[in-house]
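*Asks:* Below you'll find target08.txt; it's compact mmCIF, C-alpha atoms.
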```
# COMPACT_ATOMS: atom_id res chain seq x y z
CA ILE F 1 99.44 137.45 62.55
CA GLU F 2 96.84 140.01 61.49
CA LEU F 3 97.99 142.77 59.12
CA GLU F 4 95.96 145.94 58.76
CA GLY F 5 94.35 146.24 55.33
CA PHE F 6 94.72 142.54 54.47
CA ASP F 7 92.31 139.67 54.93
CA PHE F 8 94.45 136.59 54.35
CA PRO F 9 93.47 133.25 55.88
CA ARG F 10 95.32 132.88 59.16
CA VAL F 11 96.51 130.08 61.42
CA ILE F 12 97.67 131.26 64.83
CA THR F 13 98.13 130.04 68.37
CA SER F 14 95.26 131.19 70.59
CA PRO F 15 96.36 134.32 72.51
CA ILE F 16 93.99 133.53 75.37
CA SER F 17 95.44 130.01 75.68
CA ILE F 18 98.98 131.41 75.75
CA ALA F 19 97.88 133.86 78.43
CA LYS F 20 96.25 131.16 80.57
CA LEU F 21 99.29 128.89 80.27
CA ALA F 22 101.63 131.74 81.24
CA TYR F 23 99.51 132.61 84.27
CA GLU F 24 99.34 128.97 85.39
CA THR F 25 103.13 128.67 85.03
CA PHE F 26 103.72 131.62 87.33
CA ARG F 27 100.81 130.82 89.64
CA GLU F 28 102.01 127.32 90.45
CA ARG F 29 105.36 128.82 91.46
CA GLY F 30 103.67 131.16 93.92
CA PHE F 31 103.93 134.45 92.00
CA ARG F 32 101.53 137.26 92.90
CA ASN F 33 103.16 139.99 90.77
CA PHE F 34 102.97 139.82 86.98
CA ALA F 35 104.34 141.86 84.09
CA TYR F 36 104.47 141.86 80.29
CA LEU F 37 107.19 143.00 77.89
CA GLY F 38 106.47 143.72 74.23
CA ASP F 39 106.12 146.33 71.50
CA LEU F 40 102.52 147.49 71.89
CA SER F 41 102.67 149.55 68.69
CA LEU F 42 102.19 146.21 66.91
CA PRO F 43 98.52 145.08 66.87
CA PHE F 44 99.31 141.37 67.22
CA VAL F 45 101.48 142.04 70.29
CA THR F 46 98.74 144.20 71.78
CA LYS F 47 96.26 141.37 71.21
CA GLU F 48 98.42 138.95 73.23
CA PHE F 49 98.90 141.53 75.99
CA GLU F 50 95.15 142.22 76.17
CA ALA F 51 94.50 138.49 76.47
CA TYR F 52 97.04 138.25 79.30
CA LYS F 53 95.53 141.27 81.03
CA ALA F 54 92.05 139.72 80.77
CA VAL F 55 93.18 136.40 82.23
CA LEU F 56 94.86 138.15 85.15
CA ALA F 57 91.83 140.40 85.72
CA ASP F 58 89.67 137.30 86.14
CA VAL F 59 91.78 136.30 89.15
CA GLY F 60 92.16 139.78 90.60
CA HIS F 61 95.56 140.79 89.23
CA ARG F 62 96.81 143.49 86.88
CA PRO F 63 100.14 143.24 85.05
CA ASP F 64 102.81 145.91 84.87
CA VAL F 65 103.85 146.48 81.28
CA TYR F 66 107.01 147.57 79.49
CA ASP F 67 106.17 148.92 76.03
CA LEU F 68 109.22 148.92 73.75
CA SER F 69 107.63 151.53 71.50
CA ARG F 70 107.86 154.17 74.25
CA ASN F 71 111.67 154.02 74.50
CA GLN F 72 111.64 154.12 78.29
CA SER F 73 114.54 152.81 80.35
CA LEU F 74 114.27 149.03 80.78
CA THR F 75 116.64 149.12 83.76
CA THR F 76 114.56 151.78 85.53
CA TRP F 77 111.38 149.75 84.91
CA LEU F 78 112.99 146.60 86.30
CA HIS F 79 114.10 148.36 89.47
CA GLN F 80 110.59 149.76 89.97
CA LEU F 81 108.89 146.37 89.73
CA MET F 82 107.71 144.63 92.87
CA LYS F 83 109.87 141.62 93.62
CA PRO F 84 109.45 138.80 92.87
CA THR F 85 107.64 139.26 89.54
CA GLY F 86 106.92 136.86 86.71
CA VAL F 87 107.39 138.51 83.30
CA LEU F 88 105.81 137.20 80.10
CA CYS F 89 107.72 138.38 77.02
CA TRP F 90 106.32 138.59 73.50
CA GLY F 91 109.04 136.32 72.16
CA PRO F 92 112.37 134.70 73.08
CA SER F 93 114.44 137.55 71.61
CA LEU F 94 112.79 139.97 74.05
CA GLY F 95 113.22 137.47 76.85
CA HIS F 96 116.92 137.30 76.00
CA GLN F 97 117.08 141.11 76.14
CA LEU F 98 115.27 141.14 79.48
CA ILE F 99 117.60 138.57 81.05
CA ASP F 100 120.66 140.52 79.87
CA ALA F 101 119.22 143.71 81.38
CA CYS F 102 118.62 141.93 84.69
CA ASN F 103 122.19 140.64 84.75
CA LEU F 104 123.58 144.13 84.08
CA ALA F 105 121.34 145.61 86.79
CA GLU F 106 122.32 142.83 89.24
CA ILE F 107 118.70 141.67 89.48
CA ASN F 108 118.50 137.94 90.12
CA VAL F 109 116.82 135.72 87.51
CA PRO F 110 114.66 133.83 88.45
CA ASN F 111 114.34 134.67 92.16
CA ASP F 112 113.60 138.39 91.65
CA ILE F 113 112.44 138.33 88.02
CA ALA F 114 111.22 135.08 86.44
CA VAL F 115 111.25 135.22 82.62
CA LEU F 116 108.93 133.28 80.29
CA GLY F 117 108.99 133.67 76.51
CA GLY F 118 105.68 133.79 74.66
CA ASN F 119 107.14 131.10 72.42
CA PHE F 120 110.16 128.82 72.70
CA ASP F 121 113.28 128.90 70.56
CA LYS F 122 115.98 126.38 71.44
CA LEU F 123 118.88 128.50 70.18
CA LEU F 124 117.84 131.74 71.89
CA SER F 125 116.89 129.87 75.05
CA GLU F 126 120.29 128.29 75.48
CA ALA F 127 122.02 131.54 74.47
CA SER F 128 120.52 133.29 77.50
CA TYR F 129 122.05 133.07 80.96
CA PRO F 130 120.25 131.57 82.74
CA PRO F 131 118.55 129.61 79.93
CA GLN F 132 115.10 130.96 79.08
CA ALA F 133 111.83 129.07 79.49
CA GLY F 134 109.19 129.45 76.81
CA ILE F 135 105.75 128.37 75.64
CA LEU F 136 105.97 125.64 73.02
CA LEU F 137 103.79 126.31 69.99
CA ASP F 138 102.45 123.56 67.73
CA SER F 139 104.48 124.63 64.69
CA GLN F 140 103.92 121.36 62.83
CA GLN F 141 100.15 121.62 63.13
CA ILE F 142 100.29 125.27 62.08
CA GLY F 143 102.21 124.20 58.99
CA ARG F 144 99.85 121.32 58.19
CA THR F 145 96.76 123.51 58.59
CA SER F 146 98.31 126.26 56.46
CA ALA F 147 99.21 123.75 53.75
CA HIS F 148 95.63 122.45 53.77
CA ILE F 149 94.28 125.99 53.32
CA LEU F 150 96.74 126.67 50.47
CA ASP F 151 95.76 123.42 48.75
CA GLN F 152 92.08 124.43 48.89
CA MET F 153 92.91 127.84 47.42
CA ILE F 154 95.02 126.38 44.59
CA GLN F 155 92.18 124.02 43.67
CA GLY F 156 89.72 126.91 43.67
CA LYS F 157 87.66 125.40 46.46
CA LYS F 158 85.67 127.40 48.95
CA LEU F 159 87.63 127.56 52.18
CA GLU F 160 86.16 125.62 55.07
CA GLN F 161 87.17 128.53 57.30
CA ARG F 162 89.62 131.42 57.10
CA PHE F 163 90.79 131.68 60.69
CA TYR F 164 92.19 128.90 62.87
CA GLN F 165 93.35 129.15 66.47
CA LEU F 166 95.45 126.27 67.75
CA GLU F 167 96.42 125.37 71.29
CA PRO F 168 99.99 125.75 72.63
CA LEU F 169 101.62 122.45 73.54
CA GLY F 170 102.95 123.41 76.95
CA VAL F 171 105.87 125.13 78.65
CA VAL F 172 109.52 124.19 78.18
CA ASP F 173 110.99 124.59 81.68
CA LYS F 174 114.35 126.30 81.96
CA LEU F 175 116.27 127.99 84.77
CA SER F 176 114.66 131.40 84.08
CA ILE F 177 111.51 130.19 85.93
CA ASP F 178 113.11 127.65 88.28
CA THR F 179 112.02 129.19 91.56
CA PHE F 180 109.22 129.36 94.12
CA ALA F 181 108.03 132.83 95.12
CA ILE F 182 106.65 131.57 98.42
CA GLU F 183 107.24 133.27 101.78
CA ASP F 184 105.65 130.54 103.92
CA PRO F 185 108.33 127.82 104.35
CA ARG F 186 105.66 125.19 105.05
CA MET F 187 103.88 125.89 101.76
CA ARG F 188 107.23 125.75 99.98
CA LYS F 189 107.82 122.28 101.43
CA VAL F 190 104.31 121.19 100.45
CA MET F 191 104.83 122.39 96.87
CA LEU F 192 108.20 120.65 96.60
CA PHE F 193 106.59 117.44 97.89
CA LEU F 194 103.75 117.68 95.35
CA ASN F 195 106.07 118.34 92.43
CA LYS F 196 108.30 115.42 93.44
CA HIS F 197 105.45 112.92 93.92
CA ALA F 198 102.82 114.28 91.50
CA PHE F 199 102.89 111.15 89.33
CA GLU F 200 102.46 108.75 92.24
CA CYS F 201 99.19 107.71 93.84
CA ILE F 202 99.32 110.22 96.70
CA SER F 203 96.61 111.60 98.95
CA VAL F 204 96.24 114.56 101.29
CA GLU F 205 97.15 112.20 104.15
CA ASP F 206 100.53 111.53 102.48
CA ILE F 207 101.16 115.28 102.28
CA LEU F 208 100.24 115.70 105.96
CA ARG F 209 102.58 112.87 107.01
CA ALA F 210 105.46 114.63 105.23
CA ASN F 211 104.37 118.09 106.41
CA PRO F 212 102.51 117.80 109.74
CA MET F 213 99.71 120.34 110.23
CA ALA F 214 95.94 120.40 110.48
CA ARG F 215 94.28 119.27 107.26
CA ARG F 216 91.94 122.26 107.15
CA SER F 217 94.88 124.61 107.71
CA LEU F 218 96.83 122.95 104.88
CA GLU F 219 93.97 123.22 102.40
CA ARG F 220 93.16 126.83 103.36
CA LYS F 221 96.79 128.01 103.23
CA PHE F 222 97.44 126.20 99.95
CA ARG F 223 94.50 127.84 98.22
CA ALA F 224 95.40 131.25 99.68
CA THR F 225 99.00 130.89 98.45
CA PHE F 226 98.46 129.34 95.03
CA GLY F 227 94.89 130.23 94.14
CA VAL F 228 93.79 126.62 93.57
CA SER F 229 93.12 123.50 95.60
CA ILE F 230 95.72 120.75 96.01
CA ILE F 231 93.72 118.44 93.73
CA GLU F 232 93.45 121.12 91.04
CA HIS F 233 97.20 121.71 91.21
CA LEU F 234 98.01 118.01 90.88
CA ARG F 235 95.63 117.70 87.94
CA GLN F 236 97.34 120.60 86.15
CA ILE F 237 100.82 119.12 86.69
CA ARG F 238 99.66 115.82 85.21
CA ILE F 239 97.98 117.48 82.24
CA ASN F 240 101.14 119.48 81.50
CA ARG F 241 103.23 116.31 81.69
CA ALA F 242 100.85 114.51 79.33
CA ARG F 243 101.22 117.37 76.84
CA GLU F 244 105.01 117.10 77.02
CA LEU F 245 104.94 113.33 76.44
CA LEU F 246 102.61 113.66 73.46
CA VAL F 247 105.01 116.16 71.87
CA SER F 248 108.39 114.64 72.75
CA THR F 249 107.68 110.89 72.51
CA GLU F 250 105.67 108.42 70.43
CA ALA F 251 103.35 107.84 73.39
CA ARG F 252 99.64 108.23 72.74
CA LEU F 253 96.66 108.55 75.05
CA PRO F 254 94.86 105.20 75.03
CA SER F 255 91.16 105.27 74.30
CA THR F 256 89.16 103.56 77.03
CA GLY F 257 86.05 103.32 74.87
CA ARG F 258 84.18 105.15 77.61
CA PRO F 259 82.75 108.61 76.93
CA GLY F 260 84.24 111.66 78.60
CA ILE F 261 82.23 114.44 80.17
CA ASP F 262 81.55 115.88 76.70
CA GLY F 263 80.27 112.55 75.35
CA ARG F 264 83.40 111.83 73.27
CA PRO F 265 85.72 108.86 73.96
CA PHE F 266 88.74 109.53 76.16
CA GLY F 267 92.19 109.62 74.64
CA ARG F 268 91.54 111.40 71.36
CA ARG F 269 92.79 114.73 70.07
CA VAL F 270 89.57 116.53 69.20
CA TYR F 271 89.19 119.41 66.78
CA HIS F 272 86.49 121.77 68.00
CA GLU F 273 84.70 123.19 64.97
CA SER F 274 82.98 125.98 66.92
CA THR F 275 86.22 127.44 68.23
CA ALA F 276 88.69 126.10 65.66
CA VAL F 277 90.94 124.80 68.42
CA TYR F 278 92.66 121.45 68.75
CA ARG F 279 92.43 119.99 72.24
```
Would you write the structure of this file as structure tokens?
*Replies:*
Amino acid sequence: IELEGFDFPRVITSPISIAKLAYETFRERGFRNFAYLGDLSLPFVTKEFEAYKAVLADVGHRPDVYDLSRNQSLTTWLHQLMKPTGVLCWGPSLGHQLIDACNLAEINVPNDIAVLGGNFDKLLSEASYPPQAGILLDSQQIGRTSAHILDQMIQGKKLEQRFYQLEPLGVVDKLSIDTFAIEDPRMRKVMLFLNKHAFECISVEDILRANPMARRSLERKFRATFGVSIIEHLRQIRINRARELLVSTEARLPSTGRPGIDGRPFGRRVYHESTAVYR
């Protein structure tokens, strides 16, 4: 985090990457209403909120916001929100508070309010009812990078850089986001089909056989509902799954020896010097 009046070296998770991942999580579930919960008197919380607001502005949305520093009624704010709404919370403790408030106000989680923590904590997640989803941060890499900086400082070496932004690892799915905010029953069926068969070799023709309609109508309605094409959605599901496997298993991406679109071989975790981000 950034503290006013201090210029320590910092290793953080990219706020814009957290914001994009949160939007994609809600978008692929059909949400059109978005909100943010956090204490905006804290500069580092404001920075994450501004990143989220910028990401949503790029796709024509604007989030509602609950600012803890204003001491307004959380229950009143929840009742005033359009339903369904996806809410990004600064952290899992606030997500826990939000879920409790929804339960007391008899607001359904996740069908009316879907809750996503800005980071994931196993204990707080399971302590919520329903369990809370969250964005998984690369804590080990943050620790390794911080240790490297400290080692350079102890040895009196000039720091290679003072500010690192790392990528989040993905989203840990829990019941707090287990819903589809989709009015069109045909698009709901299409999305369920895609999520079930995303890791198979499927085509648009397979989708049409399971959900008969005109191909042009399917593609137009899907983009209008979810904001992306079917191919783009499948690609994102597969990327998210690859992230999960890289974190939770010993699996590694094999290098094909062929260059990717950026000229580097496929299957390697690349550190981008210009942006200080691991990808």
*Asks:* Using Å and a single decimal, report how far CA of Asn33 (chain F) sits from CA of Ala198 (chain F).
*Replies:*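 Result for CA of Ala198 (chain F) versus CA of Asn33 (chain F): 25.7 Å, one decimal.
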*Asks:* Do a neighbour search on Lys83 (chain F) at 9 Å with all atoms listed in the file, toss out local chain neighbours closer than 3 positions, and write the hits as a PyMOL selection string.
*Replies:* chain F and resi 33+79-80+86+111-113
*Asks:* Which of these residues is nearest to Lys174 (chain F), using all atoms listed in the file: F:Asp121, F:Glu200, F:Glu219, F:Asp151?
*Replies:*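 Using all atoms listed in the file, the shortest distance to Lys174 (chain F) belongs to F:Asp121.
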*Asks:* Neighbouring residues of region 205-211 of chain F were defined as those with any atom within 9 Å, considering all atoms listed in the file; residues of the same chain fewer than 2 positions away were excluded. Please report them as a count of residues only.
*Replies:* 11
*Asks:* Quick one: distance from CA of Thr85 (chain F) to CA of Glu232 (chain F) in Å, one decimal?
*Replies:*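 Distance between the two atoms: 23.1 Å.
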*Asks:* Is there a way to get, as a list in words, all residues within 9 Å of the point (111.6, 133.2, 83.4) in file coordinates, counting only C-alpha atoms?
*Replies:*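 Result, sorted by chain then residue number: Phe26, Gly86, Val87, Leu88, Gly95, Ile99, Val109, Pro110, Ile113, Ala114, Val115, Leu116, Gly117, Pro130, Pro131, Gln132, Ala133, Gly134, Asp173, Lys174, Leu175, Ser176, Ile177 and Asp178 of chain F.
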*Asks:* Which residues, written as a PyMOL selection string, have at least one atom at most 12 Å from Gly38 (chain F), with only C-alpha atoms counted and residues fewer than 6 positions away on the same chain left out?
*Replies:* chain F and resi 44-50+64-71+74+87-95+97-98+117-118
*Asks:* Edge lengths and centre in Å to one decimal, as AutoDock Vina command-line options, is what I'm after for the box along x, y and z that holds all listed atoms of region 157-176 of chain F once 6 Å is added on each side.
*Replies:*
```
--center_x 101.0 --center_y 127.1 --center_z 65.6 --size_x 42.6 --size_y 21.2 --size_z 50.3
```
*Asks:* Which polymer residues have any atom within 12 Å of an atom of Asn240 (chain F), counting all atoms listed in the file, with same-chain residues fewer than 5 positions away left out, as a list in words?
*Replies:*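 Returned residues: Leu21, Glu24, Thr25, Glu28, Ile135, Leu136, Pro168, Leu169, Gly170, Val171, Val172, Asp173, Ala198, Phe199, His233, Leu234, Arg235, Leu245, Leu246 and Val247 of chain F.
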*Asks:* Between CA of Val11 (chain F) and CA of Leu159 (chain F), what distance in Å does the model show, to one decimal?
*Replies:*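 According to the coordinates, CA of Val11 (chain F) and CA of Leu159 (chain F) are separated by 13.1 Å.
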*Asks:* Would you please work out which residue, of F:Gly30, F:Asp39, F:Asn103, F:Phe222, is nearest to Ile182 (chain F) when using all atoms listed in the file?
*Replies:*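 Closest to Ile182 (chain F) of all the choices is F:Gly30.
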*Asks:* Check the smallest atom-to-atom distance from each of F:Ala147, F:Ala35, F:Val59, F:Ile16 to Pro84 (chain F) using all atoms listed in the file, then report the winner.
*Replies:*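 Distance minimum relative to Pro84 (chain F) lands on F:Ala35.
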*Asks:* Using all atoms listed in the file, which of the listed residues (F:Asn108, F:Ser217, F:Thr13, F:Ser41) sits closest to Leu78 (chain F)?
*Replies:* F:Asn108
*Asks:* Name the closest residue to Gln140 (chain F) among the candidates F:Glu167, F:Ile237, F:Ala242, F:Lys122; distances are taken between atoms, counting only C-alpha atoms.
*Replies:*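 Among the listed residues, F:Glu167 lies closest to Gln140 (chain F).
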*Asks:* Which one of F:Phe226, F:Tyr52, F:Tyr36, F:Trp77 sits closest to Ser17 (chain F) if you count all atoms listed in the file?
*Replies:*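 The answer is F:Tyr52, which sits nearest to Ser17 (chain F).
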*Asks:* Since the input lacks atoms, please generate all heavy atoms for region 186-197 of chain F and provide them as a PDB file, in the coordinates of the input.
*Replies:*
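File written: out31.pdb
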```pdb
ATOM      1  N   ARG F 186     106.443 126.426 105.053  1.00  0.00           N
ATOM      2  CA  ARG F 186     105.660 125.190 105.050  1.00  0.00           C
ATOM      3  C   ARG F 186     105.004 124.957 103.694  1.00  0.00           C
ATOM      4  O   ARG F 186     104.958 123.827 103.193  1.00  0.00           O
ATOM      5  CB  ARG F 186     104.602 125.240 106.154  1.00  0.00           C
ATOM      6  CG  ARG F 186     105.174 125.216 107.564  1.00  0.00           C
ATOM      7  CD  ARG F 186     104.078 125.276 108.600  1.00  0.00           C
ATOM      8  NE  ARG F 186     103.295 126.494 108.478  1.00  0.00           N
ATOM      9  CZ  ARG F 186     102.203 126.761 109.197  1.00  0.00           C
ATOM     10  NH1 ARG F 186     101.760 125.877 110.072  1.00  0.00           N
ATOM     11  NH2 ARG F 186     101.558 127.893 109.039  1.00  0.00           N
ATOM     12  N   MET F 187     104.489 126.034 103.079  1.00  0.00           N
ATOM     13  CA  MET F 187     103.880 125.890 101.760  1.00  0.00           C
ATOM     14  C   MET F 187     104.938 125.574 100.699  1.00  0.00           C
ATOM     15  O   MET F 187     104.666 124.864  99.730  1.00  0.00           O
ATOM     16  CB  MET F 187     103.124 127.158 101.391  1.00  0.00           C
ATOM     17  CG  MET F 187     101.832 127.371 102.170  1.00  0.00           C
ATOM     18  SD  MET F 187     100.621 126.012 101.958  1.00  0.00           S
ATOM     19  CE  MET F 187     100.902 125.058 103.467  1.00  0.00           C
ATOM     20  N   ARG F 188     106.141 126.100 100.899  1.00  0.00           N
ATOM     21  CA  ARG F 188     107.230 125.750  99.980  1.00  0.00           C
ATOM     22  C   ARG F 188     107.528 124.255 100.047  1.00  0.00           C
ATOM     23  O   ARG F 188     107.691 123.594  99.025  1.00  0.00           O
ATOM     24  CB  ARG F 188     108.484 126.556 100.332  1.00  0.00           C
ATOM     25  CG  ARG F 188     109.694 126.243  99.446  1.00  0.00           C
ATOM     26  CD  ARG F 188     110.912 127.008  99.925  1.00  0.00           C
ATOM     27  NE  ARG F 188     110.780 128.418  99.646  1.00  0.00           N
ATOM     28  CZ  ARG F 188     111.224 128.994  98.531  1.00  0.00           C
ATOM     29  NH1 ARG F 188     111.808 128.263  97.598  1.00  0.00           N
ATOM     30  NH2 ARG F 188     111.083 130.278  98.340  1.00  0.00           N
ATOM     31  N   LYS F 189     107.564 123.709 101.264  1.00  0.00           N
ATOM     32  CA  LYS F 189     107.820 122.280 101.430  1.00  0.00           C
ATOM     33  C   LYS F 189     106.699 121.447 100.829  1.00  0.00           C
ATOM     34  O   LYS F 189     106.941 120.411 100.203  1.00  0.00           O
ATOM     35  CB  LYS F 189     107.994 121.952 102.920  1.00  0.00           C
ATOM     36  CG  LYS F 189     109.296 122.443 103.526  1.00  0.00           C
ATOM     37  CD  LYS F 189     109.394 122.069 104.998  1.00  0.00           C
ATOM     38  CE  LYS F 189     109.427 120.568 105.187  1.00  0.00           C
ATOM     39  NZ  LYS F 189     109.574 120.196 106.627  1.00  0.00           N
ATOM     40  N   VAL F 190     105.455 121.910 101.022  1.00  0.00           N
ATOM     41  CA  VAL F 190     104.310 121.190 100.450  1.00  0.00           C
ATOM     42  C   VAL F 190     104.407 121.174  98.927  1.00  0.00           C
ATOM     43  O   VAL F 190     104.201 120.140  98.286  1.00  0.00           O
ATOM     44  CB  VAL F 190     102.987 121.839 100.898  1.00  0.00           C
ATOM     45  CG1 VAL F 190     101.815 121.287 100.082  1.00  0.00           C
ATOM     46  CG2 VAL F 190     102.743 121.586 102.384  1.00  0.00           C
ATOM     47  N   MET F 191     104.728 122.326  98.322  1.00  0.00           N
ATOM     48  CA  MET F 191     104.830 122.390  96.870  1.00  0.00           C
ATOM     49  C   MET F 191     105.955 121.511  96.343  1.00  0.00           C
ATOM     50  O   MET F 191     105.803 120.824  95.328  1.00  0.00           O
ATOM     51  CB  MET F 191     105.021 123.843  96.427  1.00  0.00           C
ATOM     52  CG  MET F 191     105.069 124.015  94.917  1.00  0.00           C
ATOM     53  SD  MET F 191     103.558 123.447  94.084  1.00  0.00           S
ATOM     54  CE  MET F 191     102.458 124.804  94.409  1.00  0.00           C
ATOM     55  N   LEU F 192     107.091 121.513  97.018  1.00  0.00           N
ATOM     56  CA  LEU F 192     108.200 120.650  96.600  1.00  0.00           C
ATOM     57  C   LEU F 192     107.804 119.178  96.679  1.00  0.00           C
ATOM     58  O   LEU F 192     108.144 118.379  95.800  1.00  0.00           O
ATOM     59  CB  LEU F 192     109.424 120.924  97.475  1.00  0.00           C
ATOM     60  CG  LEU F 192     110.122 122.267  97.258  1.00  0.00           C
ATOM     61  CD1 LEU F 192     111.189 122.503  98.328  1.00  0.00           C
ATOM     62  CD2 LEU F 192     110.755 122.327  95.865  1.00  0.00           C
ATOM     63  N   PHE F 193     107.062 118.819  97.735  1.00  0.00           N
ATOM     64  CA  PHE F 193     106.590 117.440  97.890  1.00  0.00           C
ATOM     65  C   PHE F 193     105.650 117.072  96.749  1.00  0.00           C
ATOM     66  O   PHE F 193     105.764 115.990  96.145  1.00  0.00           O
ATOM     67  CB  PHE F 193     105.887 117.276  99.236  1.00  0.00           C
ATOM     68  CG  PHE F 193     105.340 115.897  99.469  1.00  0.00           C
ATOM     69  CD1 PHE F 193     106.136 114.904 100.021  1.00  0.00           C
ATOM     70  CD2 PHE F 193     104.030 115.576  99.127  1.00  0.00           C
ATOM     71  CE1 PHE F 193     105.626 113.620 100.234  1.00  0.00           C
ATOM     72  CE2 PHE F 193     103.517 114.307  99.333  1.00  0.00           C
ATOM     73  CZ  PHE F 193     104.327 113.328  99.888  1.00  0.00           C
ATOM     74  N   LEU F 194     104.714 117.960  96.424  1.00  0.00           N
ATOM     75  CA  LEU F 194     103.750 117.680  95.350  1.00  0.00           C
ATOM     76  C   LEU F 194     104.444 117.530  94.009  1.00  0.00           C
ATOM     77  O   LEU F 194     104.138 116.615  93.231  1.00  0.00           O
ATOM     78  CB  LEU F 194     102.714 118.801  95.280  1.00  0.00           C
ATOM     79  CG  LEU F 194     101.704 118.872  96.428  1.00  0.00           C
ATOM     80  CD1 LEU F 194     100.838 120.113  96.285  1.00  0.00           C
ATOM     81  CD2 LEU F 194     100.839 117.630  96.476  1.00  0.00           C
ATOM     82  N   ASN F 195     105.375 118.415  93.710  1.00  0.00           N
ATOM     83  CA  ASN F 195     106.070 118.340  92.430  1.00  0.00           C
ATOM     84  C   ASN F 195     106.914 117.078  92.318  1.00  0.00           C
ATOM     85  O   ASN F 195     107.060 116.512  91.232  1.00  0.00           O
ATOM     86  CB  ASN F 195     106.952 119.577  92.234  1.00  0.00           C
ATOM     87  CG  ASN F 195     106.126 120.827  91.956  1.00  0.00           C
ATOM     88  OD1 ASN F 195     104.915 120.739  91.754  1.00  0.00           O
ATOM     89  ND2 ASN F 195     106.757 121.975  91.965  1.00  0.00           N
ATOM     90  N   LYS F 196     107.468 116.623  93.448  1.00  0.00           N
ATOM     91  CA  LYS F 196     108.300 115.420  93.440  1.00  0.00           C
ATOM     92  C   LYS F 196     107.464 114.159  93.282  1.00  0.00           C
ATOM     93  O   LYS F 196     107.873 113.203  92.615  1.00  0.00           O
ATOM     94  CB  LYS F 196     109.120 115.345  94.723  1.00  0.00           C
ATOM     95  CG  LYS F 196     110.042 114.138  94.790  1.00  0.00           C
ATOM     96  CD  LYS F 196     110.872 114.153  96.068  1.00  0.00           C
ATOM     97  CE  LYS F 196     111.801 112.936  96.144  1.00  0.00           C
ATOM     98  NZ  LYS F 196     112.596 112.950  97.407  1.00  0.00           N
ATOM     99  N   HIS F 197     106.262 114.151  93.881  1.00  0.00           N
ATOM    100  CA  HIS F 197     105.450 112.920  93.920  1.00  0.00           C
ATOM    101  C   HIS F 197     104.165 113.032  93.107  1.00  0.00           C
ATOM    102  O   HIS F 197     103.264 112.201  93.271  1.00  0.00           O
ATOM    103  CB  HIS F 197     105.107 112.586  95.376  1.00  0.00           C
ATOM    104  CG  HIS F 197     106.297 112.357  96.249  1.00  0.00           C
ATOM    105  ND1 HIS F 197     107.037 111.195  96.208  1.00  0.00           N
ATOM    106  CD2 HIS F 197     106.896 113.174  97.169  1.00  0.00           C
ATOM    107  CE1 HIS F 197     108.024 111.268  97.091  1.00  0.00           C
ATOM    108  NE2 HIS F 197     107.970 112.456  97.682  1.00  0.00           N
TER     109      HIS F 197
END
```
